[in-house]
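Undergrad: One structure, pasted below without further comment.
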2 protein chains.
Amino acid sequence: MNRLAPERAARVVLSRVGEPGDPRLTGLVAELGAEEVLAALRRQGDAGDLGDDLAARLHQADPVVELEHAQRQGIRFVTPDDAEWPAALADLAHAPSLHERGGVPVGLWVKGPGRLDALLGQAVAVVGSRSATTYGASVAGEIGADLGRAGRTVVSGAAFGIDHAAHRGALAVDGPTVAVLACGVDRAYPAAHRRLLDYIAEVGAVVSEAAPGCAPTRIRFLARNRLIAAMSQGAVVVEAAIRSGALNTANWAAGLSRTLMGVPGPVTSAPSAGVHQLIRMRGALLVTDGAEVLEAVAPAGTHTLAPVQEPARKRDLLTAEQRQVLDAVPVQRGVGTAKIAQTAGLAPHRVEEALGDLRTAGFVEHASGRWRLAAQPSA
Amino acid sequence: MNRLAPERAARVVLSRVGEPGDPRLTGLVAELGAEEVLAALRRQGDAGDLGDDLAARLHQADPVVELEHAQRQGIRFVTPDDAEWPAALADLAHAPSLHERGGVPVGLWVKGPGRLDALLGQAVAVVGSRSATTYGASVAGEIGADLGRAGRTVVSGAAFGIDHAAHRGALAVDGPTVAVLACGVDRAYPAAHRRLLDYIAEVGAVVSEAAPGCAPTRIRFLARNRLIAAMSQGAVVVEAAIRSGALNTANWAAGLSRTLMGVPGPVTSAPSAGVHQLIRMRGALLVTDGAEVLEAVAPAGTHTLAPVQEPARKRDLLTAEQRQVLDAVPVQRGVGTAKIAQTAGLAPHRVEEALGDLRTAGFVEHASGRWRLAAQPSA
């Protein structure tokens, strides 16, 4: 570990002492590099310009010890200098801050066999309400599975409700999935998802901007949401009440020019109200299944869907006049041509002609000078 | 009745012998006037160019008798020359035909006290599936009532399901409503809606392009749908399966540049699939209640809705740092400033300051050098 590059070492320390997504920190690092920012902070600490505690932590944090400790838990630290760094995160450098969070993370703590660049080359965020309905969870699971089958990585936050269903949907079809946490990747939040997170860490990747051991605070969720949005080509919001964290992720997705999608639900269902607002007022694309999500995030010309249609019916091939005559033919008791002409409001010779065509096509039957609908009506 | 104008008389006859929305007929009448078209048809009939039956009906139809017969049933015939003719129907002259139907009707048969021009000055069509779900019917009823309360006329087709619910919603609040039928206004279709139609004819208007006595054939429904769209400033589709007549009305509304709106539903519900397609692919506006419908059809600047929001919370006024500190304060057992500073990752002197502010704002309590969340947390 003696060969630890100074820039990398500085990023470890900044990740440990800084707050995830603090835009002053990420901004300075983007401008000056981590090494210089760290040196400046230490000078301020020595001069007494920082709190005693932070100054002490700046000096005490040992990047070699941090990395060794992480490694023993199967956790690695990934920075923009690493080959597996997800290129999409660069977009955060220019996206507007939200809730005083923003910028490119100084590094990511990662647990799991998946390489981030590979996992996040074609990823879709599927997010939504923690208090999801069974409807929302079911749809999120289906979309997760559809994305998984198409080889798209499902990115979500491992929360209760929609997040859980989305990860599970992907895992059920052995699809790639990435959980992005607000706490350290050595912790399980929520605790009930310990096994889910362990499994994702076995087959995909669990990722956090917060150093191992960090607790999931509210502001870290806001910082985390920007990563979920930035790591994905598009974000699908499945259920979200008017004031839902998922809408924060949606705002990040919009600010990052990601494809923003929403799954509608009953207008009487509060967990769908935020999604309907996204579609109405934010221009989110209404999607109803995984195929529509894939179409929306695919390069032009791939995954194009034909509009859903009923199969064409023989009836569709009739002319308006033929349909008019057909509508005038009774179901049971047959009637003569004159009566049909009267009902249809057409001249008898036109009706004769149409009835002949309709008989050939199997729509009507003719017996003893009377017409009625065919017993086995054509589709 | 001797004073019956020749143009009006001709329109009565053409309405009786022609098919509603036959674009050849409506086109010729728009170009030449009804009198000339009728004269030409009679010449063709005399020359044997028309079927015997139609020729006979052309000669037999007596406009005075027709109008007297209608009047005895409380039915009047309204043409573009009448003051109550709804101006919006003129848009049909230039809209593209659909399913071989199109054009301005030669006249409308009307039953009811409402003047069409007054009723249809600010009207909204609410249409949808005959096989509506209870969800769809409930939402359609609410929207009908909201429109009624706002003095907007609900235009629909008196069919089972959504149409029924929309009319009922309007009637429940004594709102104006117009039923547009595919059959003569003296008939009840469906028969189960006889009382509904009688009631609408008492308080609003029942309207048809088809002459009294005419049966509701399939092609007449297509012709009827264009009138529902043309009479309204906007059309709301509440539920519609992929192959639903309501989508035909939606197509008319789009072709007539009416505001097209759709109410979403569960993506698992077939009766919502057509609506979702309208929103996805036809640019229909997603609406979730009557207020949103009113906003969409209102002149700019009126009926504007504030985005639905949760009431602002005191917490929203905190700075990021204050929130960070608040998140680190335990619920029950109090802790010291140093511990909070460590959890929050902030310098102790900053934490001191934030805790002071948070105490003033009522978020935290301080006792014996220990901090915990206030017992009655501030909203």
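Ligands are numbered from 1 in the order shown, residues from 1 within each chain, and chains are lettered A, B, ... in the order they appear in the structure tokens.
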May I have the residues within 6 Å of Val178 of chain A as a list in words, using only C-alpha atoms and disregarding those fewer than 5 positions away in the same chain?
TA: Val155, Gly204, Ala205 and Val206 of chain A
Undergrad: With only C-alpha atoms considered, list every residue of chain A at most 8 Å from chain B, as a PDB file with C-alpha atoms, in the first residue's frame.
TA:
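Output (result24.pdb):
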ATOM      1  CA  VAL A  17     -14.241  13.522   6.582  1.00  0.00           C
ATOM      2  CA  GLY A  18     -16.448  15.258   4.039  1.00  0.00           C
ATOM      3  CA  GLU A  19     -20.194  15.045   3.611  1.00  0.00           C
ATOM      4  CA  LEU A  50     -11.788  24.595  11.223  1.00  0.00           C
ATOM      5  CA  GLY A  51     -13.422  23.015  14.265  1.00  0.00           C
ATOM      6  CA  ASP A  52     -11.089  21.051  16.502  1.00  0.00           C
ATOM      7  CA  ASP A  53     -12.906  17.855  15.751  1.00  0.00           C
ATOM      8  CA  LEU A  54     -12.717  18.185  11.973  1.00  0.00           C
ATOM      9  CA  HIS A  99     -31.062  20.899  -1.848  1.00  0.00           C
ATOM     10  CA  GLU A 100     -27.437  22.035  -1.455  1.00  0.00           C
ATOM     11  CA  TYR A 135     -50.016  -2.657  -7.553  1.00  0.00           C
ATOM     12  CA  ALA A 215     -25.108   6.360   9.008  1.00  0.00           C
ATOM     13  CA  THR A 217     -28.933  10.658   7.319  1.00  0.00           C
ATOM     14  CA  ARG A 218     -31.657  12.504   5.505  1.00  0.00           C
ATOM     15  CA  ILE A 219     -29.284  14.742   3.619  1.00  0.00           C
ATOM     16  CA  ILE A 242     -46.672  14.378  -3.921  1.00  0.00           C
ATOM     17  CA  ARG A 243     -43.865  14.703  -1.415  1.00  0.00           C
ATOM     18  CA  VAL A 263     -45.904   4.645 -14.492  1.00  0.00           C
ATOM     19  CA  PRO A 264     -49.486   5.877 -14.032  1.00  0.00           C
ATOM     20  CA  GLY A 265     -51.926   4.434 -11.577  1.00  0.00           C
ATOM     21  CA  PRO A 266     -55.426   5.137 -10.353  1.00  0.00           C
ATOM     22  CA  VAL A 267     -56.025   8.864  -9.916  1.00  0.00           C
ATOM     23  CA  HIS A 276     -49.121  11.937 -12.538  1.00  0.00           C
ATOM     24  CA  GLN A 277     -47.710  15.354 -11.721  1.00  0.00           C
ATOM     25  CA  ILE A 279     -46.217  13.355 -16.501  1.00  0.00           C
ATOM     26  CA  ARG A 280     -48.526  16.376 -16.537  1.00  0.00           C
ATOM     27  CA  LEU A 285     -43.013   9.959 -20.519  1.00  0.00           C
ATOM     28  CA  LEU A 286     -45.910   7.739 -19.521  1.00  0.00           C
ATOM     29  CA  VAL A 287     -44.778   4.096 -19.591  1.00  0.00           C
ATOM     30  CA  THR A 288     -46.838   1.042 -18.814  1.00  0.00           C
ATOM     31  CA  ASP A 289     -44.315  -1.789 -19.026  1.00  0.00           C
ATOM     32  CA  PRO A 307     -48.492   0.512 -31.190  1.00  0.00           C
ATOM     33  CA  VAL A 308     -50.535  -2.082 -29.343  1.00  0.00           C
ATOM     34  CA  GLN A 309     -53.420  -3.110 -31.535  1.00  0.00           C
ATOM     35  CA  GLU A 310     -56.159  -5.636 -31.554  1.00  0.00           C
ATOM     36  CA  ALA A 320     -68.695   1.796 -45.315  1.00  0.00           C
ATOM     37  CA  ARG A 323     -70.944  -2.230 -43.104  1.00  0.00           C
ATOM     38  CA  GLN A 324     -74.085  -0.156 -43.353  1.00  0.00           C
ATOM     39  CA  ASP A 327     -75.697  -3.521 -39.639  1.00  0.00           C
ATOM     40  CA  ALA A 328     -79.197  -3.691 -41.087  1.00  0.00           C
ATOM     41  CA  ALA A 341     -82.584  -1.362 -47.894  1.00  0.00           C
ATOM     42  CA  GLN A 342     -85.114   0.592 -45.885  1.00  0.00           C
ATOM     43  CA  THR A 343     -83.267   0.088 -42.587  1.00  0.00           C
ATOM     44  CA  GLY A 345     -81.243   3.880 -46.020  1.00  0.00           C
ATOM     45  CA  LEU A 346     -79.731   2.649 -49.286  1.00  0.00           C
ATOM     46  CA  ALA A 347     -81.081   1.891 -52.741  1.00  0.00           C
ATOM     47  CA  PRO A 348     -82.135  -1.779 -53.140  1.00  0.00           C
ATOM     48  CA  HIS A 349     -79.755  -2.461 -56.038  1.00  0.00           C
ATOM     49  CA  ARG A 350     -76.815  -1.269 -53.909  1.00  0.00           C
TER      50      ARG A 350
END
Undergrad: In segment 57-188 of chain B, what's helix (DSSP H, G or I) per DSSP? Answer as a count of residues only?
TA: 52
Undergrad: Could you pull the residues within 7 Å of Val207 of chain B, counting only C-alpha atoms, minus those fewer than 4 positions along the same chain, as number ranges by chain?
TA: B: 108-111, 179-181, 185
Undergrad: Identify, on the basis of only C-alpha atoms, every residue whose closest approach to Ile143 of chain B does not exceed 8 Å; exclude the query and any residue fewer than 5 positions from it along the same chain; express the result as a PyMOL selection string.
TA: chain B and resi 166+169+289-290+293
Undergrad: May I have the residues from that selection written out with N, CA and C atoms, as a compact mmCIF listing (two decimals), in the first residue's frame?
TA:
# COMPACT_ATOMS: atom_id res chain seq x y z
N ALA B 166 -70.78 10.13 -16.64
CA ALA B 166 -70.49 11.54 -16.89
C ALA B 166 -71.78 12.36 -16.88
N GLY B 169 -73.10 12.48 -13.35
CA GLY B 169 -72.32 13.38 -12.51
C GLY B 169 -72.77 14.82 -12.68
N ASP B 289 -58.43 15.02 -12.41
CA ASP B 289 -59.71 15.44 -11.82
C ASP B 289 -60.31 16.59 -12.63
N GLY B 290 -61.51 17.00 -12.21
CA GLY B 290 -62.22 18.04 -12.94
C GLY B 290 -61.49 19.37 -12.96
N VAL B 293 -59.14 19.35 -15.73
CA VAL B 293 -59.86 19.47 -17.00
C VAL B 293 -60.24 20.93 -17.25
Undergrad: List the neighbours of Gly334 of chain A out to 6 Å using only C-alpha atoms; skip same-chain residues closer than 4 positions along the sequence, and give me the result as an MDAnalysis selection string.
TA: chainID A and resid 370:372
Undergrad: What does the distance from atom CA of Arg76 of chain A to atom CA of Gly121 of chain A come to in Å, to one decimal?
TA: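 So the answer is 19.6 Å.
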Undergrad: Would you mind reading off the distance between atom CA of Leu196 of chain B and atom CA of Val275 of chain B, one decimal, in Å?
TA: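 Separation of atom CA of Leu196 of chain B and atom CA of Val275 of chain B: 26.3 Å.
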Undergrad: In Å, with one decimal, what is the gap from atom CA of Ala229 of chain B to atom CA of Asp117 of chain B?
TA: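 These atoms are spaced 15.2 Å apart.
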Undergrad: Could you list, as a PyMOL selection string, every residue within 6 Å of Ala34 of chain A, counting only C-alpha atoms and ignoring same-chain residues fewer than 6 positions away?
TA: chain A and resi 7+10-11
